[in-house]
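What follows is data.cif (mmCIF, C-alpha atoms and all ligand atoms).
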```cif
data_protein
#
loop_
_atom_site.label_atom_id
_atom_site.label_comp_id
_atom_site.auth_asym_id
_atom_site.auth_seq_id
_atom_site.Cartn_x
_atom_site.Cartn_y
_atom_site.Cartn_z
CA MET A 1 0.00 0.00 0.00
CA ALA A 2 1.10 3.55 -0.64
CA THR A 3 2.72 5.45 2.17
CA VAL A 4 0.89 8.44 3.46
CA GLY A 5 3.05 11.43 4.09
CA ALA A 6 2.69 15.03 5.12
CA SER A 7 -0.39 17.03 4.32
CA VAL A 8 -0.01 19.32 1.34
CA GLY A 9 -3.45 20.83 1.79
CA ALA A 10 -2.19 24.39 1.84
CA SER A 11 -0.37 24.09 -1.45
CA LEU A 12 -3.29 22.60 -3.37
CA PRO A 13 -6.34 24.38 -4.71
CA PRO A 14 -9.39 24.07 -2.45
CA VAL A 15 -11.41 20.89 -2.74
CA GLY A 16 -13.87 21.21 -5.57
CA ALA A 17 -12.14 24.27 -7.00
CA ALA A 18 -14.19 23.33 -10.04
CA PHE A 19 -17.26 24.00 -7.92
CA ALA A 20 -17.19 27.74 -7.32
CA GLN A 21 -19.35 27.40 -4.21
CA SER A 22 -17.06 25.24 -2.16
CA THR A 23 -14.51 26.78 0.17
CA PRO A 24 -14.25 24.47 3.14
CA ALA A 25 -13.80 26.21 6.47
CA ALA A 26 -10.86 23.91 7.19
CA ALA A 27 -8.87 25.54 4.40
CA LYS A 28 -8.83 28.75 6.44
CA GLY A 29 -7.05 26.99 9.31
CA PRO A 30 -9.45 26.88 12.25
CA LYS A 31 -8.50 27.55 15.85
CA LEU A 32 -8.12 24.28 17.72
CA LEU A 33 -9.88 23.36 20.96
CA GLU A 34 -7.79 23.15 24.13
CA MET A 35 -9.96 21.44 26.73
CA ASP A 36 -9.28 18.70 29.26
CA GLY A 37 -10.68 15.40 28.03
CA LYS A 38 -11.20 16.68 24.49
CA ALA A 39 -9.19 16.27 21.29
CA LYS A 40 -8.04 19.32 19.35
CA LEU A 41 -11.34 19.81 17.55
CA ALA A 42 -11.84 22.68 15.11
CA ILE A 43 -13.50 25.63 16.86
CA LEU A 44 -16.36 27.15 14.85
CA GLY A 45 -17.45 29.53 17.58
CA ASP A 46 -16.52 30.25 21.20
CA LYS A 47 -19.57 32.12 22.54
CA PRO A 48 -21.33 29.72 22.67
CA LEU A 49 -18.71 27.02 22.26
CA VAL A 50 -19.07 25.08 19.01
CA ALA A 51 -16.37 22.71 17.76
CA GLU A 52 -16.40 20.15 14.99
CA THR A 53 -14.55 16.90 14.47
CA GLN A 54 -12.08 16.95 11.59
CA ALA A 55 -12.81 14.21 9.04
CA GLU A 56 -9.62 12.31 9.86
CA LEU A 57 -10.70 12.21 13.54
CA MET A 58 -13.98 10.54 12.54
CA ASP A 59 -12.26 7.27 11.67
CA ASP A 60 -13.09 5.22 14.78
CA ASP A 61 -15.98 2.73 14.51
CA VAL A 62 -17.26 4.09 17.83
CA THR A 63 -16.59 7.80 18.34
CA PRO A 64 -14.38 8.21 21.41
CA THR A 65 -15.72 10.79 23.84
CA ASP A 66 -12.77 13.12 23.32
CA LYS A 67 -13.48 13.29 19.58
CA LEU A 68 -17.22 13.98 19.81
CA PHE A 69 -18.18 17.41 18.43
CA ILE A 70 -19.52 20.10 20.78
CA ARG A 71 -22.50 22.35 20.16
CA ASN A 72 -23.75 24.66 22.90
CA ASN A 73 -26.40 27.33 22.37
CA GLY A 74 -25.96 28.97 25.75
CA GLN A 75 -23.68 28.60 28.74
CA VAL A 76 -22.68 25.38 30.42
CA PRO A 77 -24.74 24.97 33.61
CA ASP A 78 -23.32 24.41 37.05
CA VAL A 79 -23.84 20.73 37.69
CA THR A 80 -22.66 19.92 41.15
CA GLY A 81 -23.76 17.51 43.86
CA ASP A 82 -24.90 13.92 43.56
CA ALA A 83 -25.56 13.11 39.90
CA LYS A 84 -27.95 10.32 40.88
CA ALA A 85 -30.13 12.82 42.76
CA TRP A 86 -30.58 15.06 39.68
CA LYS A 87 -34.29 15.08 38.88
CA ILE A 88 -36.22 15.25 35.66
CA LYS A 89 -39.89 16.02 35.34
CA ILE A 90 -42.35 14.47 32.87
CA ASP A 91 -45.57 16.44 32.68
CA GLY A 92 -48.24 17.78 30.35
CA GLU A 93 -50.44 15.29 28.50
CA VAL A 94 -49.78 12.37 30.86
CA ASN A 95 -52.00 10.67 33.43
CA THR A 96 -49.36 10.66 36.17
CA PRO A 97 -46.74 13.40 36.02
CA LEU A 98 -43.40 12.05 37.18
CA GLU A 99 -40.54 13.64 38.98
CA ILE A 100 -37.79 11.07 38.89
CA SER A 101 -34.13 11.07 39.83
CA VAL A 102 -31.40 9.73 37.57
CA GLY A 103 -30.78 6.98 40.15
CA GLU A 104 -34.43 5.85 40.08
CA LEU A 105 -34.55 6.10 36.33
CA ALA A 106 -31.61 3.73 35.97
CA SER A 107 -32.95 1.20 38.45
CA ARG A 108 -36.63 1.26 37.50
CA PHE A 109 -36.40 0.90 33.71
CA PRO A 110 -34.42 -1.52 31.51
CA ASN A 111 -31.00 -0.13 30.65
CA VAL A 112 -30.04 -0.33 26.99
CA THR A 113 -26.81 0.42 25.11
CA TYR A 114 -26.63 1.39 21.43
CA ASN A 115 -24.22 3.09 19.05
CA LEU A 116 -26.27 6.12 18.04
CA MET A 117 -25.62 8.98 15.64
CA LEU A 118 -25.65 12.44 17.07
CA GLU A 119 -25.64 15.00 14.25
CA CYS A 120 -26.16 18.74 14.37
CA GLY A 121 -29.02 19.90 12.16
CA GLY A 122 -26.63 22.39 10.55
CA ASN A 123 -23.97 19.82 9.64
CA GLY A 124 -22.69 20.59 6.13
CA ARG A 125 -23.80 24.25 6.31
CA SER A 126 -20.48 25.54 4.92
CA PHE A 127 -21.23 23.91 1.57
CA PHE A 128 -24.08 26.31 0.80
CA ALA A 129 -23.59 29.16 -1.63
CA PRO A 130 -24.21 31.91 -0.89
CA GLU A 131 -23.22 31.43 2.74
CA ALA A 132 -26.09 30.50 5.05
CA ARG A 133 -26.42 31.96 8.57
CA GLY A 134 -24.85 30.01 11.43
CA ASN A 135 -21.85 27.92 12.39
CA GLN A 136 -19.97 26.91 9.27
CA TRP A 137 -19.88 23.15 9.81
CA THR A 138 -18.12 21.03 7.21
CA ASN A 139 -19.07 17.40 7.93
CA GLY A 140 -17.80 17.22 11.51
CA GLY A 141 -20.97 18.06 13.43
CA ALA A 142 -21.59 14.36 13.76
CA GLY A 143 -20.42 11.33 15.70
CA CYS A 144 -21.49 7.84 16.60
CA PRO A 145 -20.54 7.04 20.19
CA GLN A 146 -22.05 4.38 22.43
CA TRP A 147 -24.88 5.57 24.64
CA THR A 148 -26.41 3.84 27.67
CA GLY A 149 -29.68 4.88 29.20
CA VAL A 150 -33.36 4.05 29.37
CA ARG A 151 -35.87 4.26 26.57
CA LEU A 152 -37.84 7.49 26.62
CA ALA A 153 -40.83 5.32 25.58
CA ASP A 154 -40.64 3.31 28.82
CA VAL A 155 -40.65 6.47 30.92
CA LEU A 156 -43.50 8.02 28.93
CA LYS A 157 -45.51 4.78 29.26
CA ALA A 158 -44.95 4.83 33.02
CA ALA A 159 -46.38 8.36 33.09
CA GLY A 160 -49.30 7.24 30.92
CA VAL A 161 -49.43 9.19 27.68
CA LYS A 162 -52.90 10.64 27.04
CA PRO A 163 -54.55 10.29 23.62
CA SER A 164 -54.23 14.08 23.35
CA ALA A 165 -50.41 13.87 23.25
CA VAL A 166 -48.93 15.11 19.97
CA TYR A 167 -45.36 16.28 20.57
CA THR A 168 -42.68 16.49 23.23
CA GLY A 169 -41.01 19.68 24.48
CA HIS A 170 -37.51 19.29 25.99
CA TYR A 171 -35.86 21.53 28.57
CA GLY A 172 -32.26 21.59 29.78
CA ALA A 173 -30.63 23.40 32.69
CA ASP A 174 -28.24 25.59 30.69
CA PRO A 175 -28.40 29.37 31.18
CA THR A 176 -28.80 31.50 28.06
CA LEU A 177 -25.74 33.18 26.58
CA ALA A 178 -26.70 36.30 28.53
CA GLY A 179 -26.75 34.22 31.72
CA GLU A 180 -30.52 34.08 32.27
CA THR A 181 -31.79 30.98 34.08
CA ASP A 182 -35.51 31.80 33.98
CA LYS A 183 -35.95 31.03 30.29
CA PRO A 184 -34.79 28.18 28.09
CA THR A 185 -31.72 28.57 25.89
CA ILE A 186 -33.23 26.21 23.35
CA SER A 187 -36.27 23.94 23.71
CA ARG A 188 -37.08 21.58 20.91
CA GLY A 189 -39.17 18.44 20.74
CA VAL A 190 -40.28 15.63 18.46
CA PRO A 191 -43.59 14.04 17.40
CA MET A 192 -44.77 11.29 19.77
CA ALA A 193 -43.89 8.52 17.27
CA LYS A 194 -40.21 9.54 17.33
CA ALA A 195 -40.28 9.96 21.12
CA MET A 196 -41.67 6.40 21.42
CA GLU A 197 -39.12 4.90 18.99
CA GLU A 198 -37.07 2.30 20.85
CA HIS A 199 -33.70 3.94 20.12
CA THR A 200 -34.72 7.31 21.57
CA LEU A 201 -32.97 7.36 24.93
CA ILE A 202 -32.66 9.27 28.15
CA ALA A 203 -28.93 8.59 28.38
CA PHE A 204 -26.68 8.71 31.43
CA LYS A 205 -23.57 7.07 30.04
CA LEU A 206 -21.38 7.90 27.06
CA ASN A 207 -18.94 5.17 25.99
CA GLY A 208 -19.50 3.41 29.31
CA GLN A 209 -18.60 6.41 31.49
CA ASP A 210 -20.62 9.14 33.15
CA ILE A 211 -21.50 11.76 30.52
CA PRO A 212 -18.96 14.61 30.77
CA LEU A 213 -20.36 18.03 31.66
CA ILE A 214 -19.80 19.48 28.18
CA HIS A 215 -21.91 16.67 26.66
CA GLY A 216 -24.86 17.05 29.05
CA ALA A 217 -24.09 15.58 32.49
CA PRO A 218 -25.67 13.91 34.28
CA VAL A 219 -28.44 13.03 31.85
CA ARG A 220 -29.45 13.95 28.30
CA LEU A 221 -31.75 12.91 25.52
CA VAL A 222 -30.42 11.11 22.46
CA VAL A 223 -32.86 11.28 19.56
CA PRO A 224 -30.76 9.56 16.90
CA GLY A 225 -31.01 10.36 13.21
CA TRP A 226 -32.76 13.69 13.77
CA PRO A 227 -31.22 17.12 14.28
CA ALA A 228 -29.31 16.82 17.56
CA SER A 229 -30.90 20.03 18.82
CA ALA A 230 -33.69 17.74 20.10
CA SER A 231 -31.11 15.68 22.02
CA THR A 232 -31.32 17.96 25.02
CA LYS A 233 -28.29 18.07 27.31
CA TRP A 234 -28.56 18.66 31.08
CA LEU A 235 -32.15 17.38 30.80
CA LYS A 236 -34.61 18.79 33.38
CA ARG A 237 -38.06 18.39 31.91
CA ILE A 238 -40.07 16.73 29.18
CA TRP A 239 -43.36 18.49 28.59
CA VAL A 240 -45.80 16.33 26.64
CA ARG A 241 -47.74 18.72 24.43
CA ASP A 242 -51.18 18.58 22.82
CA LYS A 243 -49.76 20.43 19.78
CA GLU A 244 -46.46 20.88 17.98
CA HIS A 245 -43.97 22.25 20.52
CA ASP A 246 -43.27 25.99 20.26
CA GLY A 247 -40.15 26.51 22.40
CA PRO A 248 -37.09 28.49 21.23
CA GLY A 249 -35.68 26.76 18.16
CA MET A 250 -39.02 25.44 16.90
CA GLY A 251 -40.25 28.40 14.82
CA GLY A 252 -39.26 30.66 11.95
CA PHE A 253 -36.35 29.35 9.88
CA SER A 254 -34.89 27.26 12.74
CA TYR A 255 -34.36 23.62 11.84
CA ARG A 256 -36.65 24.08 8.87
CA VAL A 257 -36.20 23.56 5.14
CA PRO A 258 -38.25 25.00 2.26
CA LYS A 259 -41.17 22.93 1.01
CA THR A 260 -40.54 24.36 -2.44
CA PRO A 261 -37.01 25.39 -3.48
CA ILE A 262 -36.23 29.07 -3.03
CA VAL A 263 -33.73 31.35 -4.76
CA PRO A 264 -30.34 30.92 -3.05
CA GLY A 265 -29.64 33.99 -0.92
CA SER A 266 -33.27 35.14 -0.84
CA LYS A 267 -35.16 35.82 2.39
CA GLY A 268 -37.62 32.98 1.99
CA ASN A 269 -41.04 32.77 3.55
CA GLU A 270 -41.47 31.32 7.05
CA LYS A 271 -44.83 29.89 6.01
CA ASP A 272 -43.19 27.82 3.29
CA MET A 273 -40.85 26.00 5.68
CA ALA A 274 -41.21 22.46 7.07
CA ILE A 275 -39.46 21.07 10.15
CA LEU A 276 -36.34 19.06 9.32
CA GLU A 277 -36.85 15.59 10.79
CA SER A 278 -34.67 12.72 9.53
CA MET A 279 -31.15 13.95 8.65
CA PRO A 280 -30.04 13.52 5.04
CA VAL A 281 -27.69 10.88 3.62
CA ARG A 282 -23.99 11.74 4.08
CA SER A 283 -20.57 10.13 3.58
CA VAL A 284 -17.23 11.23 4.99
CA ILE A 285 -13.85 9.87 3.92
CA THR A 286 -11.96 9.45 7.19
CA PHE A 287 -8.75 8.01 5.72
CA PRO A 288 -6.65 9.35 4.16
CA ALA A 289 -6.87 12.96 5.29
CA ASP A 290 -7.69 15.65 2.78
CA GLY A 291 -4.47 16.91 1.22
CA THR A 292 -2.49 13.70 1.62
CA ARG A 293 0.71 13.35 -0.39
CA LEU A 294 1.53 9.84 -1.58
CA ALA A 295 5.06 8.70 -2.36
CA ALA A 296 6.12 8.47 -6.00
CA GLY A 297 5.00 5.19 -7.51
CA ALA A 298 1.86 4.85 -5.38
CA ARG A 299 -0.78 3.36 -7.64
CA LYS A 300 -3.33 2.16 -5.11
CA LEU A 301 -5.07 3.83 -2.24
CA ASP A 302 -7.03 1.99 0.44
CA LEU A 303 -9.53 4.49 1.71
CA ARG A 304 -12.21 4.29 4.33
CA GLY A 305 -14.97 6.35 5.81
CA HIS A 306 -18.41 6.41 7.37
CA ALA A 307 -21.82 6.98 5.88
CA TRP A 308 -25.23 7.45 7.50
CA ALA A 309 -28.70 8.63 6.63
CA GLY A 310 -30.90 9.73 9.52
CA ASP A 311 -33.73 7.21 9.98
CA TYR A 312 -32.46 5.10 7.06
CA ASP A 313 -29.64 2.70 6.27
CA ILE A 314 -26.93 3.12 3.67
CA LYS A 315 -27.44 1.00 0.58
CA THR A 316 -24.31 1.89 -1.43
CA VAL A 317 -21.27 4.16 -1.38
CA ASP A 318 -19.58 4.97 -4.69
CA ILE A 319 -16.12 6.42 -5.20
CA SER A 320 -14.84 8.46 -8.14
CA THR A 321 -11.31 9.67 -8.87
CA ASP A 322 -12.20 11.40 -12.15
CA TYR A 323 -14.68 14.11 -11.14
CA GLY A 324 -17.68 11.81 -11.37
CA VAL A 325 -17.08 10.42 -14.85
CA THR A 326 -16.74 6.88 -13.53
CA TRP A 327 -17.69 5.41 -10.16
CA LYS A 328 -16.66 2.31 -8.29
CA SER A 329 -18.63 0.67 -5.46
CA ALA A 330 -17.13 0.71 -2.00
CA LYS A 331 -17.68 -2.14 0.44
CA VAL A 332 -20.28 -1.05 2.99
CA ASN A 333 -20.57 -2.76 6.38
CA PRO A 334 -23.91 -3.14 8.14
CA PRO A 335 -24.55 -0.76 11.05
CA ALA A 336 -23.80 -1.94 14.61
CA ASN A 337 -27.51 -1.30 15.23
CA LYS A 338 -30.17 0.91 13.72
CA PHE A 339 -29.10 4.60 13.82
CA ALA A 340 -25.37 3.75 13.82
CA TRP A 341 -23.13 4.93 11.01
CA GLN A 342 -21.72 2.41 8.55
CA ARG A 343 -18.10 1.82 7.60
CA PHE A 344 -17.16 1.89 3.93
CA THR A 345 -13.85 0.81 2.44
CA ALA A 346 -12.47 0.87 -1.08
CA SER A 347 -9.21 0.17 -2.83
CA ILE A 348 -8.84 2.61 -5.67
CA ASP A 349 -6.42 2.80 -8.56
CA LEU A 350 -4.33 5.87 -9.21
CA PRO A 351 -3.21 5.27 -12.80
CA THR A 352 -0.52 7.95 -12.91
CA ALA A 353 1.32 10.36 -10.68
CA GLY A 354 -0.36 13.71 -10.12
CA TYR A 355 -3.33 15.40 -8.56
CA TYR A 356 -6.59 13.65 -7.73
CA GLU A 357 -9.82 14.50 -6.07
CA VAL A 358 -11.39 11.46 -4.49
CA TRP A 359 -15.15 11.72 -4.25
CA ALA A 360 -17.51 9.64 -2.12
CA ARG A 361 -21.25 9.51 -2.67
CA ALA A 362 -23.64 7.52 -0.47
CA THR A 363 -27.13 6.35 -1.34
CA ASP A 364 -29.64 5.46 1.35
CA SER A 365 -32.17 2.63 1.61
CA LYS A 366 -34.85 4.85 0.03
CA GLY A 367 -32.61 5.33 -3.02
CA VAL A 368 -31.84 8.97 -2.15
CA THR A 369 -28.28 9.92 -3.02
CA GLN A 370 -25.97 12.84 -2.16
CA PRO A 371 -26.14 15.75 -4.62
CA PHE A 372 -23.04 17.20 -6.32
CA ALA A 373 -23.59 20.54 -4.56
CA ALA A 374 -25.58 21.53 -1.46
CA ALA A 375 -29.19 21.64 -2.63
CA ASN A 376 -32.41 23.25 -1.43
CA TRP A 377 -30.69 26.40 -0.14
CA ASN A 378 -32.32 27.86 2.97
CA PRO A 379 -31.50 30.91 5.12
CA GLN A 380 -30.10 28.92 8.05
CA GLY A 381 -28.42 26.27 5.96
CA TYR A 382 -29.89 22.89 6.88
CA GLY A 383 -29.49 19.72 4.87
CA GLY A 384 -26.20 20.54 3.13
CA ASN A 385 -24.98 17.07 2.14
CA PRO A 386 -23.01 17.24 -1.09
CA ILE A 387 -20.71 14.38 -2.04
CA ASN A 388 -17.53 14.32 0.03
CA ARG A 389 -14.28 15.30 -1.67
CA ILE A 390 -10.64 14.99 -0.62
CA ARG A 391 -7.47 15.97 -2.42
CA VAL A 392 -4.60 13.55 -2.95
CA LEU A 393 -1.27 14.21 -4.63
CA VAL A 394 0.84 11.35 -5.97
CA GLU A 395 4.40 12.58 -6.27
CA SER A 396 6.29 12.02 -9.45
N1 LIG B 401 -29.65 21.93 26.93
C1 LIG B 401 -29.11 21.97 25.71
N2 LIG B 401 -29.12 20.86 24.96
C2 LIG B 401 -28.58 20.87 23.74
C3 LIG B 401 -28.01 22.03 23.19
C4 LIG B 401 -27.99 23.21 24.00
O1 LIG B 401 -27.50 24.27 23.61
N3 LIG B 401 -28.55 23.13 25.26
N4 LIG B 401 -27.51 22.02 21.91
C5 LIG B 401 -28.11 21.03 21.02
C6 LIG B 401 -27.47 20.94 19.72
S1 LIG B 401 -27.90 22.15 18.61
C7 LIG B 401 -26.65 19.90 19.40
S2 LIG B 401 -26.03 19.75 17.82
C8 LIG B 401 -26.26 18.87 20.40
C9 LIG B 401 -24.76 18.75 20.52
O2 LIG B 401 -24.41 17.79 21.48
P1 LIG B 401 -22.92 17.67 21.98
O3 LIG B 401 -22.42 19.02 22.37
O4 LIG B 401 -22.90 16.68 23.08
O5 LIG B 401 -22.13 17.13 20.78
O6 LIG B 401 -26.79 19.15 21.67
C10 LIG B 401 -28.11 19.64 21.67
N5 LIG B 401 -28.60 19.71 23.02
MO MO B 402 -27.12 21.44 16.56
#
```
Rendering of file as structure tokens:
Amino acid sequence: MATVGASVGASLPPVGAAFAQSTPAAAKGPKLLEMDGKAKLAILGDKPLVAETQAELMDDDVTPTDKLFIRNNGQVPDVTGDAKAWKIKIDGEVNTPLEISVGELASRFPNVTYNLMLECGGNGRSFFAPEARGNQWTNGGAGCPQWTGVRLADVLKAAGVKPSAVYTGHYGADPTLAGETDKPTISRGVPMAKAMEEHTLIAFKLNGQDIPLIHGAPVRLVVPGWPASASTKWLKRIWVRDKEHDGPGMGGFSYRVPKTPIVPGSKGNEKDMAILESMPVRSVITFPADGTRLAAGARKLDLRGHAWAGDYDIKTVDISTDYGVTWKSAKVNPPANKFAWQRFTASIDLPTAGYYEVWARATDSKGVTQPFAAANWNPQGYGGNPINRIRVLVES
């Protein structure tokens, strides 16, 4: 196999230079995170803290805790005292409102462990042209760690969901950016069917350990496959609603995509937007890194990556080294469980020395494939999932 040497990213044209719209944030050289227990993730914002996982750090089958991306909307709350005594409330359209501690939760309901995707609704935003409002994620607002907790469905059943229940509303303990504690920083929810899905968890462990503070200690929701904004950290309350939830982050252009395509860069109409539910199909090449230089004579490249598709499985991943003229199928592994990402591997030929772009394109179990450029432009940039591209130089 070819040897992988130093990155030459800076000396090559940006990925997809042929695509005028694509200037990956990484090319600008992001500031790197310095935090105990965390890898040097790429900082996209520091107030609130937002950091994404570089593609080459997304290579593990199970995302290690230190490599999981971070997305806060407000401040990190003070979480002190006995984690097991932390209480969450279930109220609203239920027969018996519950106030239950993390300790009781873990002992009263079956504990389950799954590898579950957590993906920011804005993942891929940087691929939109013109630029959409918000953190300029490339593909690193996503990870697939192992979560342990109880099923939200079991807890809701114990409270007795009324026929009038339509939607959940989630509340965390984090103060707003301005430091207010009397109003929610963000409060999103999901339709009852998603709340009752067996992989939707109230989680208290991440990769077998207590959830670190930055990821929602001591207890958080994990609503896999949907925008992670519903996966409330520092969980305090689940309000079962008799209508679609209307907390901060539910209205306007937030986590919504146009029902009919709008002119890129236009204002759009709030009334023409629909809530983004299942996340779109995406692939990320995790090895080699973008900008890899291969030694002279290298004629093969064994690459690998992950692909996932919200509520759906990955059917195929195709690789091209000639700007999409020809494609070759990658090998795609089954997911560890539903809502886990899938490993793909491919051995590709590099017929001559020189410059290549390697493209990966995943297709999901509904037959939906990644577009060549971020499609369905929207003001806040959701659903940007163009084919993944890396640059490789074979020295002569
Ligand atoms: N309480 C609370 N929960 C939250 C958020 C937040 O700001 N406050 N951010 C959400 C968003 S937008 C994302 S993408 C995920 C990120 O989870 P992570 O930081 O553990 O990766 O948390 C979600 N849960
Ligand atoms: Mo997010």
Practice problem: Output the neighbourhood of ligand LIG 401 (chain B) as a PyMOL selection string, that is, all protein and nucleic acid residues with some atom at most 8 Å from the ligand, counting all atoms listed in the file. | Solution: chain A and resi 50+68-75+118-122+141-143+171-174+185-187+214-216+220-221+227-235
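When atom CA of A:Pro48 is paired with atom CA of A:Gly252, their separation reads 20.9 Å.
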Grab all the atoms of stretch 237-253 of chain A that the file lists, wrap them in a box along x, y and z, add 5 Å per side, and give me centre plus edge lengths in Å (one decimal) as JSON.
```
{"center_x": -43.4, "center_y": 23.5, "center_z": 20.9, "size_x": 25.5, "size_y": 24.3, "size_z": 32.0}
```
Exercise. Determine the nearest neighbour of ligand MO 402 (chain B) from the options A:Arg282, A:Arg125, A:Lys84, A:Lys338, counting only C-alpha atoms and all ligand atoms.
Key: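 Under the stated criterion, the closest residue is A:Arg125.
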Exercise. Would you list the contacts of A:Glu277 as a ChimeraX atom specification, taking every protein, DNA or RNA residue within 10 Å and counting only C-alpha atoms, but skipping same-chain residues closer than 5 positions in sequence?
Key: /A:121,190-191,194,225-227,255-257,310-311
Quiz prompt | Interatomic distance, atom CA of A:Val263 to atom CA of A:Val281 (Å, one decimal) | solution =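 Value for the atom CA of A:Val263-atom CA of A:Val281 distance: 22.9 Å.
Here atom CA of A:Pro14 is placed at a distance of 24.4 Å from atom CA of A:Phe344.
Nearest residue to A:Leu294, choosing from A:Ala353, A:Ile262, A:Leu276, A:Met35 and counting only C-alpha atoms: A:Ala353.
For the set A:Thr345, A:Asn269, A:Asn111, A:Gln380, the residue with the smallest atom-to-atom gap to ligand MO 402 (chain B) is A:Gln380, counting all atoms listed in the file.
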Self-check item: Residues within 10 Å of (-24.4, 28.0, 11.1), file coords, only C-alpha atoms, listed as a list in words
Solution: Leu44, Gly45, Val50, Cys120, Gly121, Gly122, Asn123, Gly124, Arg125, Ser126, Glu131, Ala132, Arg133, Gly134, Asn135, Gln136, Trp137, Pro379, Gln380, Gly381 and Tyr382 of chain A
Practice problem: Would you kindly return, as an MDAnalysis selection string, each protein, DNA or RNA residue with an atom no farther than 8 Å from any atom of A:Leu206, considering all atoms listed in the file and excluding same-chain residues fewer than 5 positions away? | Solution: chainID A and resid 65 145:148 211
Quiz item: Got a sec to check which residues sit within 6 Å of (-9.7, 10.0, 8.7), counting all atoms listed in the file, and write them as an MDAnalysis selection string?
Solution: chainID A and resid 55:59 286:289
